[in-house]
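Next comes my_file34.tsv, a file with TSV, C-alpha atoms.
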chain	number	residue	atom	x	y	z
A	722	MET	CA	-55.55	2.91	-26.36
A	723	LYS	CA	-58.20	4.58	-24.25
A	724	GLN	CA	-56.31	7.83	-24.56
A	725	THR	CA	-56.47	7.83	-28.37
A	726	ARG	CA	-60.18	6.96	-28.34
A	727	THR	CA	-60.96	10.02	-26.22
A	728	VAL	CA	-58.89	12.12	-28.59
A	729	GLU	CA	-60.78	10.79	-31.56
A	730	ILE	CA	-64.18	11.26	-29.98
A	731	VAL	CA	-63.46	14.86	-28.94
A	732	THR	CA	-62.02	15.66	-32.37
A	733	GLY	CA	-65.03	14.23	-34.16
A	734	PHE	CA	-67.38	16.02	-31.78
A	735	PHE	CA	-65.57	19.31	-32.37
A	736	ILE	CA	-65.70	19.02	-36.15
A	737	ILE	CA	-69.38	18.02	-36.20
A	738	LEU	CA	-70.27	20.80	-33.77
A	739	GLY	CA	-68.43	23.34	-35.90
A	740	PHE	CA	-70.24	22.37	-39.06
A	741	ILE	CA	-73.61	22.26	-37.31
A	742	ALA	CA	-72.99	25.76	-35.93
A	743	LEU	CA	-72.10	27.12	-39.38
A	744	TYR	CA	-75.11	25.42	-40.93
A	745	VAL	CA	-77.52	26.67	-38.28
A	746	ILE	CA	-76.28	30.25	-38.62
A	747	ALA	CA	-76.48	30.12	-42.41
A	748	THR	CA	-80.01	28.77	-42.44
A	749	ARG	CA	-81.56	30.36	-39.35
A	750	ALA	CA	-79.87	33.73	-39.02
A	751	THR	CA	-79.55	34.94	-42.61
A	752	ASN	CA	-81.85	35.76	-45.50
A	753	ILE	CA	-81.16	32.40	-47.16
A	754	ARG	CA	-84.83	32.13	-48.05
A	755	ALA	CA	-84.44	35.06	-50.42
A	756	TYR	CA	-82.04	32.99	-52.52
A	757	GLY	CA	-82.52	29.95	-54.63
A	758	ASP	CA	-86.24	30.14	-55.39
A	759	SER	CA	-85.75	28.54	-58.80
A	760	ASN	CA	-89.50	28.35	-59.26
A	761	GLY	CA	-89.98	32.11	-59.44
A	762	TYR	CA	-90.33	34.32	-62.49
A	763	ASN	CA	-88.95	37.75	-63.32
A	764	VAL	CA	-90.93	40.81	-64.30
A	765	THR	CA	-89.67	44.35	-64.87
A	766	ALA	CA	-91.08	47.73	-64.01
A	767	SER	CA	-89.83	51.15	-65.03
A	768	PHE	CA	-89.88	54.03	-62.57
A	769	THR	CA	-88.95	57.69	-63.04
A	770	ASN	CA	-87.38	57.66	-59.58
A	771	VAL	CA	-86.59	54.69	-57.34
A	772	GLY	CA	-85.52	56.82	-54.38
A	773	GLY	CA	-83.58	54.70	-51.91
A	774	LEU	CA	-84.78	51.33	-53.21
A	775	LYS	CA	-82.08	48.66	-52.94
A	776	VAL	CA	-81.46	45.28	-54.51
A	777	ARG	CA	-83.10	42.50	-52.40
A	778	ALA	CA	-85.74	44.86	-51.09
A	779	PRO	CA	-89.02	43.02	-50.50
A	780	VAL	CA	-91.96	43.16	-52.92
A	781	THR	CA	-95.31	42.88	-51.20
A	782	MET	CA	-98.94	42.62	-52.14
A	783	SER	CA	-101.46	43.53	-49.44
A	784	GLY	CA	-98.53	43.48	-47.03
A	785	VAL	CA	-97.56	39.90	-47.83
A	786	ALA	CA	-94.07	39.39	-49.25
A	787	VAL	CA	-94.43	37.90	-52.74
A	788	GLY	CA	-90.96	38.49	-54.14
A	789	ARG	CA	-87.75	40.48	-54.12
A	790	VAL	CA	-86.01	43.14	-56.15
A	791	THR	CA	-83.15	41.40	-57.96
A	792	ASP	CA	-81.76	44.19	-60.13
A	793	ILE	CA	-81.96	47.98	-60.57
A	794	ARG	CA	-80.57	49.50	-63.78
A	795	LEU	CA	-80.83	52.75	-65.70
A	796	ASP	CA	-82.44	52.58	-69.13
A	797	PRO	CA	-79.90	54.39	-71.36
A	798	LYS	CA	-82.58	55.76	-73.71
A	799	SER	CA	-85.44	56.94	-71.53
A	800	PHE	CA	-83.30	57.51	-68.42
A	801	ASN	CA	-85.87	55.68	-66.35
A	802	ALA	CA	-84.88	53.16	-63.71
A	803	ILE	CA	-85.62	49.56	-64.71
A	804	VAL	CA	-86.32	47.41	-61.67
A	805	THR	CA	-86.30	43.63	-62.04
A	806	ILE	CA	-88.55	41.80	-59.61
A	807	GLN	CA	-88.44	38.11	-58.90
A	808	VAL	CA	-91.88	36.90	-57.93
A	809	ASN	CA	-92.22	33.65	-55.98
A	810	GLY	CA	-93.44	30.70	-58.03
A	811	ALA	CA	-96.40	30.33	-55.66
A	812	TYR	CA	-97.94	33.54	-57.00
A	813	ARG	CA	-98.52	32.81	-60.69
A	814	GLU	CA	-101.85	34.53	-61.12
A	815	ILE	CA	-101.09	38.22	-60.68
A	816	PRO	CA	-103.07	40.35	-63.17
A	817	ASP	CA	-100.91	42.09	-65.77
A	818	ASP	CA	-102.46	45.51	-65.11
A	819	THR	CA	-101.14	45.48	-61.56
A	820	THR	CA	-99.72	48.76	-60.24
A	821	ALA	CA	-96.26	48.80	-58.66
A	822	SER	CA	-95.46	51.64	-56.27
A	823	ILE	CA	-92.36	52.32	-54.23
A	824	LEU	CA	-93.33	52.75	-50.60
A	825	THR	CA	-91.53	53.33	-47.33
A	826	SER	CA	-92.10	51.25	-44.23
A	827	GLY	CA	-92.49	53.77	-41.45
A	828	LEU	CA	-91.27	57.34	-41.67
A	829	LEU	CA	-87.57	56.50	-41.90
A	830	GLY	CA	-87.74	52.81	-42.74
A	831	GLU	CA	-86.50	50.80	-45.70
A	832	GLN	CA	-88.13	51.26	-49.07
A	833	TYR	CA	-90.02	48.41	-50.71
A	834	ILE	CA	-92.30	47.81	-53.67
A	835	GLY	CA	-96.02	47.42	-53.08
A	836	LEU	CA	-98.16	45.76	-55.74
A	837	SER	CA	-101.86	46.57	-55.96
A	838	PRO	CA	-103.75	44.12	-58.16
A	839	GLY	CA	-105.67	45.16	-61.26
A	840	GLY	CA	-108.67	43.43	-62.78
A	841	SER	CA	-107.26	41.91	-65.93
A	842	ASP	CA	-107.86	38.28	-66.90
A	843	THR	CA	-104.34	37.80	-68.21
A	844	PHE	CA	-101.51	37.29	-65.80
A	845	LEU	CA	-97.92	38.43	-65.42
A	846	LYS	CA	-95.39	35.92	-66.72
A	847	GLN	CA	-91.63	35.59	-67.13
A	848	GLY	CA	-90.24	38.72	-68.81
A	849	SER	CA	-93.43	40.80	-68.83
A	850	GLN	CA	-93.39	44.43	-67.82
A	851	ILE	CA	-95.54	46.18	-65.24
A	852	THR	CA	-96.81	49.27	-67.06
A	853	TYR	CA	-98.51	51.13	-64.23
A	854	THR	CA	-95.94	52.38	-61.78
A	855	GLN	CA	-95.73	55.02	-59.12
A	856	SER	CA	-92.31	56.36	-58.25
A	857	ALA	CA	-90.83	56.94	-54.84
A	858	ILE	CA	-91.94	60.02	-52.98
A	859	VAL	CA	-88.84	62.10	-52.33
A	860	LEU	CA	-89.30	63.93	-49.06
A	861	GLU	CA	-87.21	66.94	-50.12
A	862	ASN	CA	-89.35	67.55	-53.22
A	863	LEU	CA	-92.48	67.28	-51.13
A	864	ILE	CA	-91.20	69.81	-48.60
A	865	GLY	CA	-90.10	72.07	-51.44
A	866	LYS	CA	-93.57	71.95	-53.00
A	867	PHE	CA	-95.19	72.56	-49.64
A	868	LEU	CA	-93.00	75.60	-48.96
A	869	SER	CA	-93.53	77.13	-52.39
A	870	SER	CA	-97.29	76.60	-52.27
A	871	GLY	CA	-97.33	78.18	-48.80
A	872	LYS	CA	-95.52	81.23	-50.25
A	873	ALA	CA	-97.94	81.43	-53.17
A	874	THR	CA	-101.01	81.46	-50.94
A	875	SER	CA	-99.59	83.99	-48.49
A	876	GLY	CA	-98.47	86.15	-51.43
A	877	GLY	CA	-101.98	86.05	-52.90
A	878	LYS	CA	-103.55	87.46	-49.77
B	1319	MET	CA	-30.16	60.87	-36.73
B	1320	ARG	CA	-30.06	58.02	-34.25
B	1321	LEU	CA	-33.84	57.88	-34.26
B	1322	LEU	CA	-33.89	57.61	-38.03
B	1323	ARG	CA	-31.39	54.80	-37.97
B	1324	GLU	CA	-33.39	52.90	-35.41
B	1325	ALA	CA	-36.56	53.33	-37.43
B	1326	TYR	CA	-34.66	52.05	-40.44
B	1327	TYR	CA	-33.62	48.92	-38.57
B	1328	ILE	CA	-37.14	48.34	-37.27
B	1329	VAL	CA	-38.53	48.56	-40.80
B	1330	LEU	CA	-35.80	46.29	-42.06
B	1331	GLU	CA	-36.47	43.76	-39.33
B	1332	PHE	CA	-40.19	43.82	-40.04
B	1333	LEU	CA	-39.62	43.24	-43.75
B	1334	GLU	CA	-37.22	40.42	-42.99
B	1335	MET	CA	-39.73	38.72	-40.71
B	1336	LEU	CA	-42.56	39.16	-43.20
B	1337	GLY	CA	-40.45	37.73	-45.99
B	1338	ALA	CA	-39.30	34.79	-43.90
B	1339	CYS	CA	-42.90	34.12	-42.87
B	1340	VAL	CA	-44.12	34.10	-46.47
B	1341	LEU	CA	-41.25	31.86	-47.59
B	1342	PHE	CA	-42.08	29.49	-44.74
B	1343	LEU	CA	-45.71	29.50	-45.84
B	1344	MET	CA	-44.63	28.55	-49.39
B	1345	ARG	CA	-42.62	25.69	-47.96
B	1346	LEU	CA	-45.63	24.51	-45.93
B	1347	ILE	CA	-47.96	24.70	-48.91
B	1348	ARG	CA	-45.58	22.62	-51.01
B	1349	LEU	CA	-45.59	19.91	-48.34
B	1350	ILE	CA	-49.36	19.84	-47.78
B	1351	PRO	CA	-50.18	17.10	-50.36
B	1352	GLN	CA	-47.63	14.74	-48.81
B	1353	SER	CA	-48.85	15.26	-45.28
B	1354	LEU	CA	-52.47	14.70	-46.35
B	1355	LEU	CA	-51.43	11.08	-46.81
B	1356	ARG	CA	-51.20	10.82	-43.02
B	1357	PRO	CA	-54.50	12.30	-41.85
B	1358	ARG	CA	-54.09	10.75	-38.42
B	1359	LEU	CA	-51.42	13.31	-37.50
B	1360	ILE	CA	-53.73	16.13	-38.58
B	1361	PHE	CA	-56.67	14.81	-36.58
B	1362	GLN	CA	-54.54	14.52	-33.48
B	1363	GLN	CA	-53.54	18.14	-33.91
B	1364	ILE	CA	-57.12	19.24	-34.53
B	1365	PHE	CA	-57.83	17.78	-31.12
B	1366	SER	CA	-55.10	19.72	-29.35
B	1367	VAL	CA	-55.56	22.92	-31.37
B	1368	GLY	CA	-59.32	23.05	-31.81
B	1369	GLY	CA	-60.86	20.63	-29.38
B	1370	MET	CA	-58.97	22.00	-26.41
B	1371	SER	CA	-59.98	25.58	-27.28
B	1372	LEU	CA	-63.64	24.60	-27.48
B	1373	VAL	CA	-64.67	25.40	-23.92
B	1374	LEU	CA	-62.85	28.74	-23.88
B	1375	ILE	CA	-64.46	29.74	-27.18
B	1376	MET	CA	-67.93	28.70	-26.08
B	1377	VAL	CA	-67.79	30.55	-22.76
B	1378	SER	CA	-66.37	33.73	-24.33
B	1379	GLY	CA	-68.93	33.56	-27.13
B	1380	LEU	CA	-71.77	33.32	-24.64
B	1381	PHE	CA	-70.58	36.29	-22.63
B	1382	ILE	CA	-69.85	38.46	-25.66
B	1383	GLY	CA	-73.30	37.73	-27.06
B	1384	MET	CA	-74.91	38.54	-23.73
B	1385	VAL	CA	-73.00	41.82	-23.42
B	1386	LEU	CA	-74.00	42.74	-26.97
B	1387	GLY	CA	-77.61	42.05	-26.11
B	1388	LEU	CA	-77.43	44.19	-22.98
B	1389	GLN	CA	-75.53	47.13	-24.47
B	1390	GLY	CA	-77.49	47.02	-27.69
B	1391	TYR	CA	-80.77	47.01	-25.82
B	1392	ASN	CA	-79.81	50.00	-23.67
B	1393	THR	CA	-78.78	52.06	-26.69
B	1394	LEU	CA	-81.58	50.99	-29.03
B	1395	ASN	CA	-84.12	51.60	-26.29
B	1396	LYS	CA	-83.36	55.34	-26.48
B	1397	PHE	CA	-84.56	55.34	-30.08
B	1398	ALA	CA	-87.43	52.94	-29.47
B	1399	ALA	CA	-85.78	50.57	-31.94
B	1400	THR	CA	-85.30	47.49	-29.77
B	1401	SER	CA	-86.74	45.30	-32.52
B	1402	ALA	CA	-83.42	45.79	-34.34
B	1403	LEU	CA	-81.54	44.16	-31.45
B	1404	GLY	CA	-81.29	40.81	-33.23
B	1405	THR	CA	-79.80	42.43	-36.32
B	1406	LEU	CA	-77.29	44.32	-34.20
B	1407	VAL	CA	-76.17	41.20	-32.35
B	1408	VAL	CA	-75.94	38.96	-35.42
B	1409	LEU	CA	-74.28	41.49	-37.71
B	1410	SER	CA	-71.64	42.54	-35.21
B	1411	LEU	CA	-70.88	38.90	-34.39
B	1412	LEU	CA	-70.77	37.60	-37.96
B	1413	ARG	CA	-68.87	40.50	-39.47
B	1414	GLU	CA	-66.40	41.54	-36.79
B	1415	LEU	CA	-66.48	40.19	-33.29
B	1416	GLY	CA	-66.75	36.51	-34.12
B	1417	PRO	CA	-63.67	36.21	-36.35
B	1418	VAL	CA	-61.54	38.79	-34.49
B	1419	VAL	CA	-62.18	37.73	-30.90
B	1420	THR	CA	-61.93	34.05	-31.78
B	1421	ALA	CA	-58.62	34.68	-33.55
B	1422	LEU	CA	-57.25	36.59	-30.56
B	1423	LEU	CA	-58.34	33.87	-28.14
B	1424	PHE	CA	-57.03	31.23	-30.52
B	1425	ALA	CA	-53.63	32.92	-30.64
B	1426	GLY	CA	-53.55	33.00	-26.86
B	1427	ARG	CA	-54.80	29.48	-26.29
B	1428	ALA	CA	-53.57	27.38	-29.22
B	1429	GLY	CA	-50.93	29.58	-30.84
B	1430	THR	CA	-48.79	29.78	-27.72
B	1431	ALA	CA	-49.09	26.04	-27.19
B	1432	LEU	CA	-47.92	25.40	-30.75
B	1433	THR	CA	-44.98	27.78	-30.46
B	1434	SER	CA	-43.72	26.48	-27.15
B	1435	GLU	CA	-44.19	22.85	-28.23
B	1436	ILE	CA	-42.24	23.24	-31.45
B	1437	GLY	CA	-39.71	25.53	-29.77
B	1438	LEU	CA	-39.09	22.99	-27.03
B	1439	MET	CA	-38.70	20.25	-29.63
B	1440	ARG	CA	-35.96	22.34	-31.16
B	1441	ALA	CA	-34.41	23.14	-27.79
B	1442	THR	CA	-34.32	19.46	-26.80
B	1443	GLU	CA	-32.90	18.61	-30.23
B	1444	GLN	CA	-35.80	16.43	-31.29
B	1445	ILE	CA	-35.95	18.31	-34.57
B	1446	ALA	CA	-32.24	17.75	-35.16
B	1447	GLY	CA	-32.82	14.09	-34.33
B	1448	MET	CA	-35.51	13.83	-36.96
B	1449	GLU	CA	-33.24	15.39	-39.52
B	1450	MET	CA	-30.64	12.74	-38.63
B	1451	MET	CA	-33.22	10.06	-39.38
B	1452	ALA	CA	-33.94	11.69	-42.74
B	1453	VAL	CA	-37.45	12.65	-41.62
B	1454	ASP	CA	-38.35	16.15	-42.72
B	1455	PRO	CA	-39.39	17.86	-39.46
B	1456	VAL	CA	-41.41	20.47	-41.33
B	1457	ARG	CA	-43.50	17.77	-42.97
B	1458	ARG	CA	-43.84	15.64	-39.87
B	1459	ILE	CA	-44.33	18.30	-37.17
B	1460	VAL	CA	-45.16	21.68	-38.66
B	1461	VAL	CA	-47.50	20.96	-41.57
B	1462	PRO	CA	-50.04	18.85	-39.61
B	1463	ARG	CA	-50.23	21.57	-36.95
B	1464	PHE	CA	-50.62	24.26	-39.55
B	1465	LEU	CA	-53.41	22.38	-41.35
B	1466	ALA	CA	-55.14	21.65	-38.06
B	1467	GLY	CA	-55.15	25.35	-37.19
B	1468	VAL	CA	-56.47	26.37	-40.59
B	1469	ILE	CA	-59.27	23.76	-40.39
B	1470	SER	CA	-60.16	24.50	-36.77
B	1471	MET	CA	-60.42	28.26	-37.02
B	1472	PRO	CA	-63.59	28.60	-39.18
B	1473	LEU	CA	-65.26	25.88	-37.10
B	1474	LEU	CA	-64.39	27.67	-33.88
B	1475	VAL	CA	-65.72	30.93	-35.29
B	1476	GLY	CA	-68.94	29.17	-36.26
B	1477	ILE	CA	-69.36	27.81	-32.75
B	1478	PHE	CA	-68.47	31.19	-31.24
B	1479	ASN	CA	-71.05	32.95	-33.40
B	1480	ALA	CA	-73.79	30.42	-32.75
B	1481	ILE	CA	-73.32	30.60	-29.00
B	1482	GLY	CA	-72.98	34.39	-29.15
B	1483	ILE	CA	-76.29	34.70	-31.00
B	1484	LEU	CA	-77.83	32.41	-28.42
B	1485	GLY	CA	-76.45	34.64	-25.65
B	1486	GLY	CA	-77.81	37.78	-27.28
B	1487	PHE	CA	-81.13	36.05	-27.77
B	1488	LEU	CA	-81.29	34.97	-24.12
B	1489	VAL	CA	-80.59	38.47	-22.82
B	1490	GLY	CA	-82.69	40.30	-25.42
B	1491	VAL	CA	-85.75	38.11	-25.49
B	1492	GLY	CA	-85.49	36.41	-22.11
B	1493	LEU	CA	-84.33	39.23	-19.88
B	1494	MET	CA	-85.28	42.44	-21.71
B	1495	LYS	CA	-88.52	41.13	-23.22
B	1496	VAL	CA	-87.79	42.13	-26.80
B	1497	ASP	CA	-90.47	40.64	-29.02
B	1498	ILE	CA	-89.28	37.22	-30.20
B	1499	GLY	CA	-90.91	37.54	-33.63
B	1500	ALA	CA	-89.40	40.96	-34.30
B	1501	PHE	CA	-86.01	39.70	-33.14
B	1502	TRP	CA	-85.85	36.88	-35.69
B	1503	SER	CA	-87.75	38.50	-38.56
B	1504	GLN	CA	-85.41	41.50	-38.50
B	1505	ILE	CA	-82.47	39.10	-38.64
B	1506	HIS	CA	-83.96	37.19	-41.55
B	1507	SER	CA	-84.63	40.32	-43.57
B	1508	THR	CA	-81.34	42.15	-42.95
B	1509	VAL	CA	-78.51	39.64	-42.55
B	1510	ASP	CA	-77.26	38.69	-45.98
B	1511	LEU	CA	-76.02	35.18	-46.67
B	1512	HIS	CA	-73.19	36.22	-48.99
B	1513	GLU	CA	-72.28	39.66	-47.81
B	1514	ASP	CA	-72.36	39.02	-44.08
B	1515	PHE	CA	-72.11	35.29	-43.40
B	1516	MET	CA	-69.74	34.23	-46.17
B	1517	SER	CA	-67.42	37.18	-45.75
B	1518	GLY	CA	-67.22	36.36	-42.04
B	1519	VAL	CA	-66.25	32.78	-42.87
B	1520	LEU	CA	-63.64	34.05	-45.33
B	1521	LYS	CA	-62.25	36.34	-42.64
B	1522	SER	CA	-61.98	33.49	-40.16
B	1523	PHE	CA	-60.16	31.42	-42.77
B	1524	VAL	CA	-57.62	34.17	-43.37
B	1525	PHE	CA	-57.16	34.71	-39.63
B	1526	GLY	CA	-56.70	30.98	-39.16
B	1527	ILE	CA	-53.89	30.93	-41.71
B	1528	ALA	CA	-52.25	34.04	-40.22
B	1529	THR	CA	-52.34	33.05	-36.53
B	1530	THR	CA	-51.28	29.44	-37.09
B	1531	LEU	CA	-48.54	30.45	-39.52
B	1532	ILE	CA	-47.11	32.93	-37.02
B	1533	ALA	CA	-47.30	30.36	-34.21
B	1534	VAL	CA	-45.48	27.56	-36.07
B	1535	PHE	CA	-43.02	30.00	-37.63
B	1536	GLU	CA	-42.01	31.47	-34.28
B	1537	GLY	CA	-41.75	28.00	-32.78
B	1538	TYR	CA	-39.70	26.54	-35.60
B	1539	TYR	CA	-37.23	29.41	-35.66
B	1540	ALA	CA	-37.12	29.92	-31.89
B	1541	GLN	CA	-33.71	30.18	-30.27
B	1542	PRO	CA	-33.12	26.74	-28.76
B	1543	THR	CA	-32.90	27.98	-25.18
B	1544	ALA	CA	-35.42	28.36	-22.38
B	1545	GLU	CA	-35.36	32.11	-22.81
B	1546	GLY	CA	-35.62	31.84	-26.57
B	1547	VAL	CA	-38.74	29.70	-26.37
B	1548	SER	CA	-40.42	32.05	-23.92
B	1549	ARG	CA	-39.58	35.03	-26.12
B	1550	ALA	CA	-40.95	33.23	-29.16
B	1551	THR	CA	-44.19	32.50	-27.28
B	1552	THR	CA	-44.58	36.17	-26.38
B	1553	ARG	CA	-43.89	37.20	-29.96
B	1554	THR	CA	-46.55	34.78	-31.17
B	1555	VAL	CA	-49.24	36.48	-29.12
B	1556	VAL	CA	-48.13	40.02	-29.96
B	1557	ASN	CA	-47.60	39.42	-33.67
B	1558	SER	CA	-50.79	37.38	-34.07
B	1559	ALA	CA	-52.86	40.09	-32.42
B	1560	LEU	CA	-51.34	42.80	-34.60
B	1561	ALA	CA	-51.67	40.69	-37.74
B	1562	VAL	CA	-55.30	39.85	-37.02
B	1563	LEU	CA	-56.29	43.45	-36.35
B	1564	ALA	CA	-54.46	44.77	-39.40
B	1565	LEU	CA	-55.84	42.04	-41.67
B	1566	ASP	CA	-59.29	42.67	-40.27
B	1567	TYR	CA	-59.13	46.29	-41.32
B	1568	LEU	CA	-57.88	45.38	-44.79
B	1569	LEU	CA	-60.46	42.65	-45.36
B	1570	THR	CA	-63.28	44.87	-44.12
B	1571	ALA	CA	-62.18	47.66	-46.43
B	1572	PHE	CA	-62.09	45.25	-49.38
B	1573	MET	CA	-65.29	43.35	-48.72
B	1574	PHE	CA	-67.88	45.79	-47.42

Can you turn what I pasted into structure tokens?
Amino acid sequence: MKQTRTVEIVTGFFIILGFIALYVIATRATNIRAYGDSNGYNVTASFTNVGGLKVRAPVTMSGVAVGRVTDIRLDPKSFNAIVTIQVNGAYREIPDDTTASILTSGLLGEQYIGLSPGGSDTFLKQGSQITYTQSAIVLENLIGKFLSSGKATSGGK
Amino acid sequence: MRLLREAYYIVLEFLEMLGACVLFLMRLIRLIPQSLLRPRLIFQQIFSVGGMSLVLIMVSGLFIGMVLGLQGYNTLNKFAATSALGTLVVLSLLRELGPVVTALLFAGRAGTALTSEIGLMRATEQIAGMEMMAVDPVRRIVVPRFLAGVISMPLLVGIFNAIGILGGFLVGVGLMKVDIGAFWSQIHSTVDLHEDFMSGVLKSFVFGIATTLIAVFEGYYAQPTAEGVSRATTRTVVNSALAVLALDYLLTAFMF
């Protein structure tokens, strides 16, 4: 009788411990907070070049994360990239003339979207589009421009 | 010519074993609903399969996490990227090391026990005795053990991962003085719930099915002699390890 009780207690302990471990990992060691914000709203922005921007990249304003990139598609007509951003429900009053630019954290870091607020009295809402955008800076193009301008100046001398 | 013939027989033998294993799995799956009516048998087996492996899994998880923390720190330090240590530890545990190492340990600890237990039952004619009493030995002995293994494996992997992360955290933050905020914030921003965590759980589930199936299969079809049982036990470890590593490659290729 005592034997079976020990067996039962250890079994129960093992199962509970296993589920606790899985739960703790899922909630504490993953990006679970990026999911399931049902309160948020979606806005889109069109860029001529998104560079290395990825889905689930953070969207920040003044360095504070306010949302995430949920989708990146190509517009079949204009051939621009359409980026869908989910903004947290806590930030409802973002002016609709806000500028969205694709930035890089550090020299080789991940790319993210930075929002700089405009001065409009009307706010972004579900489905609205951010009209002012600044595309990603592609390092190769920049170097190319730098090299060709260097040639031009030395040639002019 | 002789070499070719031998290769032919090896391939044939492998196919035969694979086929027999899959057929056995079908038989087990058909009997699962009936054996769910007696959950007590399953719980008892969860104790001997999962509960008894608990300490081994926890200690190995701790050490693997600590080694990851140490090695990761030394390498990342060269690139001044020690803030990514948490990501390195968690990703390598969740995606690869957790499921694979737990499955290998599980095969060594619980798989061998299952094989030799069932094999000895056959050798001492307990299985034949059950058949005489019109009790299906597969339903009564094999299915509860199989279910217990399949249930235990993801839980063991979860425990292994949790303790491993703790070990990496202790070494990284406690010993090497990596910034605690950077450690966790990097984890929160990089480790994906679906892509990394869920696929790891799926892996552990598949490994659980594979290792337990091989263990009960080898035990049930062991030659009913002392030598036969010992051979079956060896085969369990070897085949489980090979199956886990091969499946790991396949699943990784499919999922990531």

Ala1540 of chain B environment, 6 Å, only C-alpha atoms, sequence neighbours closer than 4 positions dropped, as a tab-separated table (two decimals) with C-alpha atoms, keeping the file's coordinate frame:
chain	number	residue	atom	x	y	z
B	1437	GLY	CA	-39.71	25.53	-29.77
B	1536	GLU	CA	-42.01	31.47	-34.28
B	1546	GLY	CA	-35.62	31.84	-26.57
B	1547	VAL	CA	-38.74	29.70	-26.37
B	1550	ALA	CA	-40.95	33.23	-29.16

- Task: Please determine the contact residues of chain A with respect to chain B at a cut-off of 7 Å, counting only C-alpha atoms, and supply them as a list in words.
- Result: Val728, Val731, Thr732, Phe735, Ile736, Gly739, Phe740, Ala742, Leu743, Ile746, Ala747, Ala750, Thr751, Asn752 and Ile753 of chain A

Find the spatial neighbours of Arg794 of chain A, counting all atoms listed in the file, within a cut-off of 9 Å - ignore same-chain residues fewer than 2 positions away - and output them as a tab-separated table (two decimals) with C-alpha atoms, in the coordinates of the input.
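result.tsv written:
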chain	number	residue	atom	x	y	z
A	792	ASP	CA	-81.76	44.19	-60.13
A	796	ASP	CA	-82.44	52.58	-69.13
A	801	ASN	CA	-85.87	55.68	-66.35
A	802	ALA	CA	-84.88	53.16	-63.71
A	803	ILE	CA	-85.62	49.56	-64.71
A	804	VAL	CA	-86.32	47.41	-61.67
A	805	THR	CA	-86.30	43.63	-62.04

- Message: Env of Ala1544 of chain B: 12 Å cut, atoms = all atoms listed in the file, seq-sep filter 6 positions within chain, self excluded. Answer as a PyMOL selection string.
- Response: chain B and resi 1434-1435+1437-1442+1550-1551

Selected residues written out with C-alpha atoms, as a PDB file, in the frame of the given file:
ATOM      1  CA  SER B1434     -43.720  26.480 -27.150  1.00  0.00           C
ATOM      2  CA  GLU B1435     -44.190  22.850 -28.230  1.00  0.00           C
ATOM      3  CA  GLY B1437     -39.710  25.530 -29.770  1.00  0.00           C
ATOM      4  CA  LEU B1438     -39.090  22.990 -27.030  1.00  0.00           C
ATOM      5  CA  MET B1439     -38.700  20.250 -29.630  1.00  0.00           C
ATOM      6  CA  ARG B1440     -35.960  22.340 -31.160  1.00  0.00           C
ATOM      7  CA  ALA B1441     -34.410  23.140 -27.790  1.00  0.00           C
ATOM      8  CA  THR B1442     -34.320  19.460 -26.800  1.00  0.00           C
ATOM      9  CA  ALA B1550     -40.950  33.230 -29.160  1.00  0.00           C
ATOM     10  CA  THR B1551     -44.190  32.500 -27.280  1.00  0.00           C
TER      11      THR B1551
END

- Query: Do you know which residues lie at most 12 Å from (-95.9, 34.0, -57.8), with coordinates as in the file and all atoms listed in the file counted, and could you write them as a PyMOL selection string?
  - Reply: chain A and resi 758-764+780-782+785-789+806-816+844-847

Kindly export the residues of the current selection with C-alpha atoms, as a CSV table (one decimal), keeping the file's coordinate frame.
chain,number,residue,atom,x,y,z
A,758,ASP,CA,-86.2,30.1,-55.4
A,759,SER,CA,-85.8,28.5,-58.8
A,760,ASN,CA,-89.5,28.4,-59.3
A,761,GLY,CA,-90.0,32.1,-59.4
A,762,TYR,CA,-90.3,34.3,-62.5
A,763,ASN,CA,-89.0,37.8,-63.3
A,764,VAL,CA,-90.9,40.8,-64.3
A,780,VAL,CA,-92.0,43.2,-52.9
A,781,THR,CA,-95.3,42.9,-51.2
A,782,MET,CA,-98.9,42.6,-52.1
A,785,VAL,CA,-97.6,39.9,-47.8
A,786,ALA,CA,-94.1,39.4,-49.2
A,787,VAL,CA,-94.4,37.9,-52.7
A,788,GLY,CA,-91.0,38.5,-54.1
A,789,ARG,CA,-87.8,40.5,-54.1
A,806,ILE,CA,-88.6,41.8,-59.6
A,807,GLN,CA,-88.4,38.1,-58.9
A,808,VAL,CA,-91.9,36.9,-57.9
A,809,ASN,CA,-92.2,33.6,-56.0
A,810,GLY,CA,-93.4,30.7,-58.0
A,811,ALA,CA,-96.4,30.3,-55.7
A,812,TYR,CA,-97.9,33.5,-57.0
A,813,ARG,CA,-98.5,32.8,-60.7
A,814,GLU,CA,-101.8,34.5,-61.1
A,815,ILE,CA,-101.1,38.2,-60.7
A,816,PRO,CA,-103.1,40.4,-63.2
A,844,PHE,CA,-101.5,37.3,-65.8
A,845,LEU,CA,-97.9,38.4,-65.4
A,846,LYS,CA,-95.4,35.9,-66.7
A,847,GLN,CA,-91.6,35.6,-67.1

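Straight-line separation from atom CA of Thr820 of chain A to atom CA of Ala778 of chain A: 17.2 Å.
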
- Just the residues within 7 Å of segment 1493-1499 of chain B, please, counting all atoms listed in the file, with nothing from its chain fewer than 5 positions along; format it as a list of chain:residue names.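 The filter keeps B:Thr1400, B:Ser1401, B:Leu1488.
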
Would you mind exporting the chosen residues as a PDB file, keeping the file's coordinate frame, restricted to C-alpha atoms?
ATOM      1  CA  THR B1400     -85.300  47.490 -29.770  1.00  0.00           C
ATOM      2  CA  SER B1401     -86.740  45.300 -32.520  1.00  0.00           C
ATOM      3  CA  LEU B1488     -81.290  34.970 -24.120  1.00  0.00           C
TER       4      LEU B1488
END
